[in-house]
>>> print(open('target34.tsv').read())   # TSV, C-alpha atoms and all ligand atoms
chain	number	residue	atom	x	y	z
Q	244	MET	CA	3.95	24.08	0.60
Q	245	ASN	CA	6.72	24.57	-1.93
Q	246	LEU	CA	6.07	24.94	-5.68
Q	247	ARG	CA	7.24	21.48	-6.61
Q	248	THR	CA	4.94	19.83	-4.10
Q	249	ALA	CA	2.02	21.94	-5.34
Q	250	ALA	CA	2.83	20.88	-8.91
Q	251	LEU	CA	2.95	17.23	-7.80
Q	252	ARG	CA	-0.50	17.50	-6.25
Q	253	GLN	CA	-1.86	19.06	-9.44
Q	254	GLU	CA	-0.30	16.38	-11.63
Q	255	LEU	CA	-1.72	13.66	-9.39
Q	256	ALA	CA	-5.19	15.09	-9.94
Q	257	ARG	CA	-4.60	15.14	-13.71
Q	258	ARG	CA	-3.11	11.73	-14.60
Q	259	PRO	CA	-1.92	8.42	-13.13
Q	260	LEU	CA	1.65	8.66	-11.82
Q	261	LEU	CA	4.41	6.08	-11.93
Q	262	CYS	CA	6.62	5.41	-8.92
Q	263	ASP	CA	9.94	3.59	-9.01
Q	264	GLY	CA	10.79	0.01	-8.03
Q	265	ALA	CA	12.78	-1.63	-5.27
Q	266	THR	CA	15.80	0.10	-3.75
Q	267	GLY	CA	17.16	-2.59	-1.43
Q	268	THR	CA	17.38	-5.36	-4.02
Q	269	GLN	CA	19.06	-2.94	-6.45
Q	270	LEU	CA	21.65	-1.92	-3.84
Q	271	HIS	CA	22.41	-5.59	-3.16
Q	272	LEU	CA	23.13	-6.02	-6.87
Q	273	LEU	CA	25.61	-3.14	-6.55
Q	274	GLY	CA	27.43	-4.84	-3.70
Q	275	LEU	CA	25.57	-4.02	-0.49
Q	276	ALA	CA	26.19	-6.98	1.84
Q	277	PRO	CA	23.15	-8.84	3.24
Q	278	GLY	CA	22.24	-7.38	6.63
Q	279	ALA	CA	24.37	-4.25	6.10
Q	280	CYS	CA	22.86	-0.80	6.58
Q	281	GLY	CA	21.77	0.35	3.11
Q	282	GLU	CA	20.92	3.82	4.38
Q	283	LEU	CA	24.56	4.43	5.31
Q	284	TRP	CA	25.34	4.15	1.60
Q	285	CYS	CA	23.77	7.61	1.22
Q	286	LEU	CA	26.99	8.83	2.89
Q	287	GLU	CA	29.49	6.12	1.97
Q	288	GLN	CA	28.48	5.12	-1.58
Q	289	PRO	CA	26.46	8.08	-2.85
Q	290	GLU	CA	27.26	7.39	-6.51
Q	291	ARG	CA	25.81	3.87	-6.26
Q	292	VAL	CA	22.62	5.15	-4.64
Q	293	GLN	CA	22.32	7.73	-7.41
Q	294	GLN	CA	22.90	5.02	-9.99
Q	295	VAL	CA	19.71	3.30	-8.77
Q	296	HIS	CA	17.81	6.61	-8.97
Q	297	ARG	CA	19.17	7.25	-12.48
Q	298	HIS	CA	18.05	3.82	-13.68
Q	299	TYR	CA	14.52	4.44	-12.42
Q	300	LEU	CA	14.40	7.94	-13.89
Q	301	GLY	CA	15.57	6.50	-17.21
Q	302	ALA	CA	12.85	3.84	-16.95
Q	303	GLY	CA	10.24	6.58	-16.85
Q	304	ALA	CA	9.38	6.93	-13.15
Q	305	ASP	CA	7.60	10.16	-12.23
Q	306	LEU	CA	8.58	9.75	-8.59
Q	307	LEU	CA	11.91	8.64	-7.12
Q	308	THR	CA	11.99	7.14	-3.62
Q	309	THR	CA	14.85	8.03	-1.29
Q	310	ASN	CA	17.14	5.34	0.13
Q	311	SER	CA	15.95	5.87	3.70
Q	312	PHE	CA	13.47	3.08	4.49
Q	313	GLY	CA	15.31	2.15	7.71
Q	314	GLY	CA	16.15	5.75	8.55
Q	315	THR	CA	14.53	6.24	11.95
Q	316	SER	CA	16.81	6.56	14.97
Q	317	TYR	CA	15.47	3.20	16.19
Q	318	VAL	CA	16.52	1.25	13.10
Q	319	LEU	CA	19.77	3.17	12.57
Q	320	ALA	CA	20.73	2.53	16.22
Q	321	GLY	CA	20.92	-1.17	15.33
Q	322	HIS	CA	23.79	-0.23	12.98
Q	323	GLY	CA	25.46	2.13	15.45
Q	324	ALA	CA	24.15	5.16	13.56
Q	325	GLY	CA	21.23	6.24	15.75
Q	326	ALA	CA	22.72	9.72	16.17
Q	327	ARG	CA	23.08	10.27	12.40
Q	328	VAL	CA	19.40	10.48	11.43
Q	329	ARG	CA	19.56	14.03	10.13
Q	330	GLU	CA	22.81	13.53	8.23
Q	331	ILE	CA	21.71	10.27	6.56
Q	332	ASN	CA	18.16	11.31	5.66
Q	333	ALA	CA	19.08	14.76	4.38
Q	334	ALA	CA	21.74	13.12	2.21
Q	335	ALA	CA	19.23	10.52	0.96
Q	336	ALA	CA	16.89	13.28	-0.19
Q	337	ARG	CA	19.68	15.38	-1.72
Q	338	LEU	CA	20.95	12.40	-3.75
Q	339	ALA	CA	17.51	11.68	-5.21
Q	340	ARG	CA	16.72	15.35	-5.76
Q	341	ALA	CA	19.94	15.89	-7.71
Q	342	VAL	CA	19.04	13.03	-10.06
Q	343	ALA	CA	15.36	14.01	-10.36
Q	344	GLY	CA	15.98	17.62	-11.35
Q	345	ASP	CA	12.90	18.92	-13.13
Q	346	ARG	CA	12.07	15.48	-14.55
Q	347	ALA	CA	10.68	13.76	-11.47
Q	348	TRP	CA	9.51	14.28	-7.92
Q	349	VAL	CA	11.19	12.88	-4.82
Q	350	LEU	CA	9.40	10.93	-2.10
Q	351	GLY	CA	11.21	10.75	1.22
Q	352	ASP	CA	10.86	7.14	2.31
Q	353	ILE	CA	9.98	6.11	5.87
Q	354	GLY	CA	9.56	2.49	6.99
Q	355	PRO	CA	8.39	1.00	10.29
Q	356	TYR	CA	10.34	1.92	13.41
Q	357	GLY	CA	10.98	-1.75	14.04
Q	358	GLY	CA	9.09	-2.52	17.25
Q	359	MET	CA	5.54	-2.73	18.51
Q	360	LEU	CA	3.68	0.06	20.21
Q	361	GLU	CA	2.40	-0.38	23.73
Q	362	PRO	CA	0.42	-2.18	25.07
Q	363	LEU	CA	1.50	-5.04	22.74
Q	364	GLY	CA	5.11	-3.88	22.77
Q	365	GLU	CA	7.27	-1.30	24.46
Q	366	GLY	CA	7.05	1.56	21.94
Q	367	LEU	CA	5.86	4.79	23.52
Q	368	PRO	CA	3.70	6.71	21.02
Q	369	ASP	CA	5.27	10.09	21.84
Q	370	GLU	CA	8.80	8.77	21.36
Q	371	VAL	CA	7.97	6.94	18.13
Q	372	ASN	CA	6.19	10.02	16.82
Q	373	ALA	CA	9.27	12.13	17.63
Q	374	ALA	CA	11.52	9.67	15.77
Q	375	PHE	CA	9.34	9.79	12.66
Q	376	ARG	CA	9.24	13.59	12.86
Q	377	GLU	CA	13.03	13.80	13.10
Q	378	GLN	CA	13.37	11.61	10.00
Q	379	ALA	CA	10.69	13.43	8.00
Q	380	ALA	CA	12.20	16.83	8.82
Q	381	ALA	CA	15.61	15.72	7.55
Q	382	LEU	CA	14.13	14.29	4.34
Q	383	LEU	CA	12.30	17.56	3.70
Q	384	GLU	CA	15.45	19.54	4.53
Q	385	GLY	CA	17.28	17.54	1.86
Q	386	GLY	CA	14.66	18.38	-0.75
Q	387	ALA	CA	11.98	15.66	-0.65
Q	388	ASP	CA	8.76	16.81	-2.34
Q	389	GLY	CA	6.58	14.50	-0.24
Q	390	ILE	CA	6.84	11.72	2.32
Q	391	LEU	CA	6.12	8.04	1.63
Q	392	ILE	CA	5.39	5.93	4.71
Q	393	GLU	CA	5.46	2.25	3.73
Q	394	THR	CA	5.26	-1.40	4.74
Q	395	MET	CA	3.17	-0.55	7.79
Q	396	SER	CA	1.38	-3.31	9.71
Q	397	ASP	CA	-0.10	-1.36	12.62
Q	398	PRO	CA	-2.59	1.43	11.78
Q	399	ALA	CA	-1.67	3.21	15.02
Q	400	GLU	CA	2.00	3.35	14.00
Q	401	ALA	CA	1.07	4.44	10.47
Q	402	ALA	CA	-1.11	7.22	11.88
Q	403	LEU	CA	1.74	8.38	14.15
Q	404	ALA	CA	4.06	8.56	11.15
Q	405	VAL	CA	1.53	10.52	9.09
Q	406	GLN	CA	1.01	13.01	11.92
Q	407	ALA	CA	4.77	13.35	12.34
Q	408	ALA	CA	5.35	13.99	8.62
Q	409	LYS	CA	2.59	16.60	8.56
Q	410	ALA	CA	4.01	18.27	11.67
Q	411	ALA	CA	7.44	18.34	10.02
Q	412	GLY	CA	5.89	20.32	7.17
Q	413	ALA	CA	5.29	17.72	4.44
Q	414	GLY	CA	2.88	19.03	1.81
Q	415	LEU	CA	2.06	15.53	0.56
Q	416	VAL	CA	1.99	12.40	2.72
Q	417	ILE	CA	1.45	8.89	1.35
Q	418	ALA	CA	0.81	5.94	3.68
Q	419	THR	CA	0.89	2.31	2.58
Q	420	TYR	CA	0.54	-1.02	4.35
Q	421	ALA	CA	1.84	-4.53	3.79
Q	422	PHE	CA	-1.18	-6.83	3.57
Q	423	GLN	CA	-1.41	-10.58	3.60
Q	424	GLN	CA	-4.19	-13.10	3.00
Q	425	ALA	CA	-6.34	-13.78	6.04
Q	426	SER	CA	-9.38	-16.01	6.41
Q	427	SER	CA	-11.62	-12.96	6.21
Q	428	GLY	CA	-9.86	-11.36	3.21
Q	429	PHE	CA	-6.84	-9.07	3.25
Q	430	ALA	CA	-5.36	-7.98	6.56
Q	431	THR	CA	-2.08	-6.73	7.95
Q	432	MET	CA	0.13	-8.94	10.11
Q	433	MET	CA	-1.59	-7.25	13.06
Q	434	GLY	CA	-4.98	-8.38	11.75
Q	435	ASN	CA	-6.33	-5.04	10.56
Q	436	THR	CA	-8.55	-4.91	7.47
Q	437	ALA	CA	-7.91	-2.62	4.53
Q	438	ALA	CA	-10.85	-0.45	5.58
Q	439	GLU	CA	-9.48	-0.05	9.14
Q	440	CYS	CA	-6.01	0.74	7.81
Q	441	VAL	CA	-7.27	3.37	5.39
Q	442	ALA	CA	-9.51	5.01	7.99
Q	443	ALA	CA	-6.63	5.37	10.47
Q	444	VAL	CA	-4.30	7.24	8.13
Q	445	LEU	CA	-7.04	9.35	6.57
Q	446	ALA	CA	-7.97	10.52	10.07
Q	447	ALA	CA	-4.30	11.43	10.59
Q	448	GLY	CA	-4.27	13.51	7.41
Q	449	ALA	CA	-2.77	11.24	4.72
Q	450	ASP	CA	-3.13	12.58	1.17
Q	451	VAL	CA	-2.70	9.20	-0.57
Q	452	VAL	CA	-3.28	5.70	0.84
Q	453	GLY	CA	-2.54	2.20	-0.36
Q	454	ALA	CA	-0.54	-1.01	-0.26
Q	455	ASN	CA	3.02	-2.14	-0.88
Q	456	CYS	CA	5.15	-5.25	-0.37
Q	457	GLY	CA	2.84	-7.93	1.03
Q	458	THR	CA	3.42	-11.55	1.88
Q	459	GLU	CA	2.08	-14.25	-0.45
Q	460	VAL	CA	-0.19	-11.76	-2.20
Q	461	SER	CA	-0.35	-12.50	-5.94
Q	462	LEU	CA	-0.81	-9.82	-8.58
Q	463	ALA	CA	-4.39	-11.07	-9.07
Q	464	ASP	CA	-4.94	-10.67	-5.32
Q	465	TYR	CA	-3.53	-7.15	-5.56
Q	466	GLU	CA	-6.20	-6.33	-8.10
Q	467	LYS	CA	-8.91	-7.30	-5.59
Q	468	LEU	CA	-7.06	-5.45	-2.84
Q	469	THR	CA	-6.92	-2.34	-5.05
Q	470	ALA	CA	-10.70	-2.39	-5.37
Q	471	GLU	CA	-11.06	-2.69	-1.58
Q	472	LEU	CA	-8.67	0.20	-1.01
Q	473	VAL	CA	-10.40	2.40	-3.58
Q	474	ALA	CA	-13.78	1.70	-1.97
Q	475	ALA	CA	-12.38	2.55	1.47
Q	476	ALA	CA	-10.49	5.65	0.36
Q	477	GLY	CA	-13.40	7.48	-1.23
Q	478	SER	CA	-12.07	10.56	-3.01
Q	479	THR	CA	-8.50	10.07	-1.69
Q	480	PRO	CA	-6.05	8.73	-4.33
Q	481	VAL	CA	-4.86	5.14	-3.94
Q	482	ILE	CA	-1.31	3.86	-4.54
Q	483	VAL	CA	-0.38	0.22	-5.21
Q	484	GLN	CA	3.24	-1.01	-5.16
Q	485	PRO	CA	3.44	-4.83	-5.16
Q	486	ASN	CA	6.51	-7.03	-4.96
Q	487	ALA	CA	7.64	-8.69	-8.17
Q	488	GLY	CA	6.18	-11.95	-6.88
Q	489	SER	CA	7.05	-13.76	-3.67
Q	490	PRO	CA	10.74	-14.22	-2.90
Q	491	GLN	CA	12.06	-17.70	-3.70
Q	492	LEU	CA	15.46	-19.14	-2.95
Q	493	VAL	CA	17.11	-20.25	-6.22
Q	494	ASN	CA	20.72	-21.52	-5.99
Q	495	GLY	CA	21.15	-19.71	-2.70
Q	496	GLN	CA	19.98	-16.38	-4.15
Q	497	ILE	CA	16.67	-14.66	-3.50
Q	498	HIS	CA	14.73	-14.56	-6.74
Q	499	TYR	CA	11.52	-12.74	-7.70
Q	500	ALA	CA	9.74	-14.47	-10.54
Q	501	THR	CA	7.31	-11.91	-11.94
Q	502	THR	CA	8.38	-10.78	-15.42
Q	503	PRO	CA	8.32	-7.10	-16.41
Q	504	ALA	CA	5.53	-7.86	-18.92
Q	505	ASP	CA	3.30	-9.53	-16.31
Q	506	PHE	CA	4.10	-6.77	-13.82
Q	507	ALA	CA	3.15	-4.07	-16.34
Q	508	ALA	CA	-0.09	-5.82	-17.29
Q	509	ALA	CA	-1.03	-6.05	-13.62
Q	510	GLY	CA	-0.19	-2.38	-13.08
Q	511	ALA	CA	-2.58	-1.44	-15.87
Q	512	ARG	CA	-5.30	-3.48	-14.15
Q	513	PHE	CA	-4.66	-1.70	-10.83
Q	514	LEU	CA	-5.19	1.62	-12.60
Q	515	ALA	CA	-8.36	0.28	-14.22
Q	516	ALA	CA	-9.53	-0.70	-10.72
Q	517	GLY	CA	-9.12	2.91	-9.60
Q	518	ALA	CA	-5.53	3.27	-8.39
Q	519	ARG	CA	-3.87	6.61	-9.21
Q	520	LEU	CA	-0.24	5.74	-8.51
Q	521	VAL	CA	1.55	2.48	-9.31
Q	522	GLY	CA	5.09	1.29	-8.78
Q	523	GLY	CA	6.95	-1.69	-7.36
Q	524	CYS	CA	8.30	-3.00	-4.09
Q	525	CYS	CA	10.77	-5.82	-3.37
Q	526	GLY	CA	12.29	-7.47	-6.42
Q	527	SER	CA	10.95	-4.96	-8.93
Q	528	THR	CA	13.65	-3.52	-11.18
Q	529	PRO	CA	14.10	-0.67	-13.67
Q	530	GLU	CA	12.97	-3.18	-16.33
Q	531	HIS	CA	9.66	-3.70	-14.52
Q	532	ILE	CA	9.15	0.07	-14.22
Q	533	ALA	CA	10.08	0.64	-17.88
Q	534	ALA	CA	7.52	-1.97	-18.98
Q	535	LEU	CA	4.88	-0.27	-16.86
Q	536	ALA	CA	5.87	3.15	-18.24
Q	537	ALA	CA	5.51	1.88	-21.82
Q	538	ARG	CA	2.06	0.55	-20.96
Q	539	LEU	CA	0.95	3.85	-19.37
Q	540	LYS	CA	2.07	5.89	-22.34
Q	541	ARG	CA	0.05	3.83	-24.83
Q	601	ZN	ZN	8.82	-4.82	-0.34
>>> encode(input="target34.tsv", output="structure tokens")
Amino acid sequence: MNLRTAALRQELARRPLLCDGATGTQLHLLGLAPGACGELWCLEQPERVQQVHRHYLGAGADLLTTNSFGGTSYVLAGHGAGARVREINAAAARLARAVAGDRAWVLGDIGPYGGMLEPLGEGLPDEVNAAFREQAAALLEGGADGILIETMSDPAEAALAVQAAKAAGAGLVIATYAFQQASSGFATMMGNTAAECVAAVLAAGADVVGANCGTEVSLADYEKLTAELVAAAGSTPVIVQPNAGSPQLVNGQIHYATTPADFAAAGARFLAAGARLVGGCCGSTPEHIAALAARLKR
């Protein structure tokens, strides 16, 4: 484990840490076309990607997330860039690392591979594991201090990604799921409870577990979900990164209604409920993160 990662683990044990907010919605504000490959901007528009990182660093984030959510060979292949995994992910990490300097840590971001594992789908576990490992290795090569696996729905896929990141040499691996409301409480799209989700990634070696994104999950719901995650995680730190409300279509534009003040107040409640890392997912902005930072520093 390198020195920065060791320092990150120590800091996490000492105080709550603040992650950044959404990347995708910020890149769209800077001109990324809907449906275009945002990860390719690590190569084609590096200064715009770094602008997003700079805004979050300025807002007070302790951790910057790389622009590599759709950076597996599977997802990149859909944009004709399946052979550029190493190039794109190493660049994503280098861009964030250059902005972070000594002021923040960098989390190499990994999202779902985009299909379903067998027997429900056609994904072969060995091949999906290899794809995650390829991505994680490139993110670490570019200077990521840890790996963040997010928006997972299937605990088996999340566990594969955690194993792959560990095998690639990550000294800190975070795994988070997208939950929604189910009749029995919170569950992923695949129907797995928070307890099942946490158990799967802990068994695979995750260092931090939690939730991000989420469909129709209010900030008040997130507070209850945080308590469930904390209970399931035991001594393992919990991370919570909600959306800034549910997306709504306003005048043809996607709009997220949660104000920075409400977002910050909720973040403080997640920490009170036992979370150790907070940040934002879709629709959250540098203003949301700055409000949360101000609240944490009180
Ligand atoms: Zn999201």
>>> closest_atom_pairs(input="target34.tsv", of="chain Q", to="ligand ZN 601 (chain Q)", cutoff="8 Å", atoms="all atoms listed in the file", output="JSON lines")
{"residue": "Q:Ala265", "atom": "CA", "partner": "Q:ZN601", "partner_atom": "ZN", "distance": 7.1}
{"residue": "Q:Thr394", "atom": "CA", "partner": "Q:ZN601", "partner_atom": "ZN", "distance": 7.1}
{"residue": "Q:Asn455", "atom": "CA", "partner": "Q:ZN601", "partner_atom": "ZN", "distance": 6.4}
{"residue": "Q:Cys456", "atom": "CA", "partner": "Q:ZN601", "partner_atom": "ZN", "distance": 3.7}
{"residue": "Q:Gly457", "atom": "CA", "partner": "Q:ZN601", "partner_atom": "ZN", "distance": 6.9}
{"residue": "Q:Pro485", "atom": "CA", "partner": "Q:ZN601", "partner_atom": "ZN", "distance": 7.2}
{"residue": "Q:Asn486", "atom": "CA", "partner": "Q:ZN601", "partner_atom": "ZN", "distance": 5.6}
{"residue": "Q:Gly523", "atom": "CA", "partner": "Q:ZN601", "partner_atom": "ZN", "distance": 7.9}
{"residue": "Q:Cys524", "atom": "CA", "partner": "Q:ZN601", "partner_atom": "ZN", "distance": 4.2}
{"residue": "Q:Cys525", "atom": "CA", "partner": "Q:ZN601", "partner_atom": "ZN", "distance": 3.7}
{"residue": "Q:Gly526", "atom": "CA", "partner": "Q:ZN601", "partner_atom": "ZN", "distance": 7.5}
>>> residues_around(input="target34.tsv", residues="region 279-288 of chain Q", least_positions_apart="4", cutoff="12 Å", atoms="all atoms listed in the file", output="short mmCIF file (atom, residue, chain, number, x, y, z; two decimals) with C-alpha atoms, keeping the file's coordinate frame")
data_model
loop_
_atom_site.label_atom_id
_atom_site.label_comp_id
_atom_site.auth_asym_id
_atom_site.auth_seq_id
_atom_site.Cartn_x
_atom_site.Cartn_y
_atom_site.Cartn_z
CA THR Q 266 15.80 0.10 -3.75
CA GLY Q 267 17.16 -2.59 -1.43
CA THR Q 268 17.38 -5.36 -4.02
CA GLN Q 269 19.06 -2.94 -6.45
CA LEU Q 270 21.65 -1.92 -3.84
CA HIS Q 271 22.41 -5.59 -3.16
CA LEU Q 272 23.13 -6.02 -6.87
CA LEU Q 273 25.61 -3.14 -6.55
CA GLY Q 274 27.43 -4.84 -3.70
CA LEU Q 275 25.57 -4.02 -0.49
CA VAL Q 292 22.62 5.15 -4.64
CA GLN Q 293 22.32 7.73 -7.41
CA GLN Q 294 22.90 5.02 -9.99
CA VAL Q 295 19.71 3.30 -8.77
CA HIS Q 296 17.81 6.61 -8.97
CA THR Q 309 14.85 8.03 -1.29
CA ASN Q 310 17.14 5.34 0.13
CA SER Q 311 15.95 5.87 3.70
CA PHE Q 312 13.47 3.08 4.49
CA GLY Q 313 15.31 2.15 7.71
CA GLY Q 314 16.15 5.75 8.55
CA THR Q 315 14.53 6.24 11.95
CA SER Q 316 16.81 6.56 14.97
CA VAL Q 318 16.52 1.25 13.10
CA LEU Q 319 19.77 3.17 12.57
CA ALA Q 320 20.73 2.53 16.22
CA GLY Q 321 20.92 -1.17 15.33
CA HIS Q 322 23.79 -0.23 12.98
CA GLY Q 323 25.46 2.13 15.45
CA ALA Q 324 24.15 5.16 13.56
CA GLY Q 325 21.23 6.24 15.75
CA ARG Q 327 23.08 10.27 12.40
CA VAL Q 328 19.40 10.48 11.43
CA ARG Q 329 19.56 14.03 10.13
CA GLU Q 330 22.81 13.53 8.23
CA ILE Q 331 21.71 10.27 6.56
CA ASN Q 332 18.16 11.31 5.66
CA ALA Q 333 19.08 14.76 4.38
CA ALA Q 334 21.74 13.12 2.21
CA ALA Q 335 19.23 10.52 0.96
CA ALA Q 336 16.89 13.28 -0.19
CA ARG Q 337 19.68 15.38 -1.72
CA LEU Q 338 20.95 12.40 -3.75
CA ALA Q 339 17.51 11.68 -5.21
CA ASP Q 352 10.86 7.14 2.31
CA ILE Q 353 9.98 6.11 5.87
CA GLY Q 354 9.56 2.49 6.99
CA GLY Q 385 17.28 17.54 1.86
#
>>> residues_around(input="target34.tsv", residues="region 431-435 of chain Q", least_positions_apart="3", cutoff="9 Å", atoms="all atoms listed in the file", output="list of chain:residue names")
Q:Met395, Q:Ser396, Q:Asp397, Q:Pro398, Q:Tyr420, Q:Ala421, Q:Phe422, Q:Gln423, Q:Gln424, Q:Ala425, Q:Ala438, Q:Glu439, Q:Cys440, Q:Gly457
>>> atom_distance(input="target34.tsv", atom1="CA of Ser427 (chain Q)", atom2="CA of Leu520 (chain Q)")
26.4 Å
>>> residues_around(input="target34.tsv", residues="Tyr499 (chain Q)", least_positions_apart="2", cutoff="8 Å", atoms="only C-alpha atoms", output="ChimeraX atom specification")
/Q:487-491,497,501,526-527
>>> residues_near_point(input="target34.tsv", point="(-1.3, 0.1, -11.6)", cutoff="10 Å", atoms="only C-alpha atoms", output="PyMOL selection string")
chain Q and resi 259-262+465-466+469+481-485+506-523+535+538-539
>>> closest_residue(input="target34.tsv", among="Q:Val493, Q:Gly412, Q:Gly301, Q:Pro480", to="Arg258 (chain Q)", atoms="all atoms listed in the file")
Q:Pro480
>>> closest_residue(input="target34.tsv", among="Q:Leu468, Q:Ala256, Q:Ala381, Q:Ala411", to="Asp450 (chain Q)", atoms="all atoms listed in the file")
Q:Ala256
>>> atom_distance(input="target34.tsv", atom1="CA of Leu403 (chain Q)", atom2="CA of Asn372 (chain Q)")
5.4 Å
>>> atom_distance(input="target34.tsv", atom1="CA of Ile390 (chain Q)", atom2="CA of Gly364 (chain Q)")
25.8 Å
>>> residues_around(input="target34.tsv", residues="Ala536 (chain Q)", least_positions_apart="4", cutoff="9 Å", atoms="all atoms listed in the file", output="PyMOL selection string")
chain Q and resi 261+302-304+507+531-532+540-541
>>> closest_residue(input="target34.tsv", among="Q:Ala449, Q:Gly344, Q:Gly428, Q:Leu367", to="Ala404 (chain Q)", atoms="all atoms listed in the file")
Q:Ala449
>>> decode(input="target34.tsv", residues="region 337-350 of chain Q", atoms="C-alpha atoms", output="PDB file, in the first residue's frame")
ATOM      1  CA  ARG Q 337      -3.902  11.323 -13.612  1.00  0.00           C
ATOM      2  CA  LEU Q 338      -6.276  14.251 -14.205  1.00  0.00           C
ATOM      3  CA  ALA Q 339      -7.803  13.972 -10.732  1.00  0.00           C
ATOM      4  CA  ARG Q 340      -4.460  13.332  -9.057  1.00  0.00           C
ATOM      5  CA  ALA Q 341      -2.930  16.448 -10.616  1.00  0.00           C
ATOM      6  CA  VAL Q 342      -5.766  18.583  -9.224  1.00  0.00           C
ATOM      7  CA  ALA Q 343      -5.803  16.862  -5.811  1.00  0.00           C
ATOM      8  CA  GLY Q 344      -2.102  17.293  -5.089  1.00  0.00           C
ATOM      9  CA  ASP Q 345      -1.572  17.059  -1.347  1.00  0.00           C
ATOM     10  CA  ARG Q 346      -5.003  18.549  -0.609  1.00  0.00           C
ATOM     11  CA  ALA Q 347      -7.247  15.588  -1.395  1.00  0.00           C
ATOM     12  CA  TRP Q 348      -7.304  11.892  -2.163  1.00  0.00           C
ATOM     13  CA  VAL Q 349      -8.400  10.342  -5.445  1.00  0.00           C
ATOM     14  CA  LEU Q 350     -10.943   7.547  -5.755  1.00  0.00           C
TER      15      LEU Q 350
END
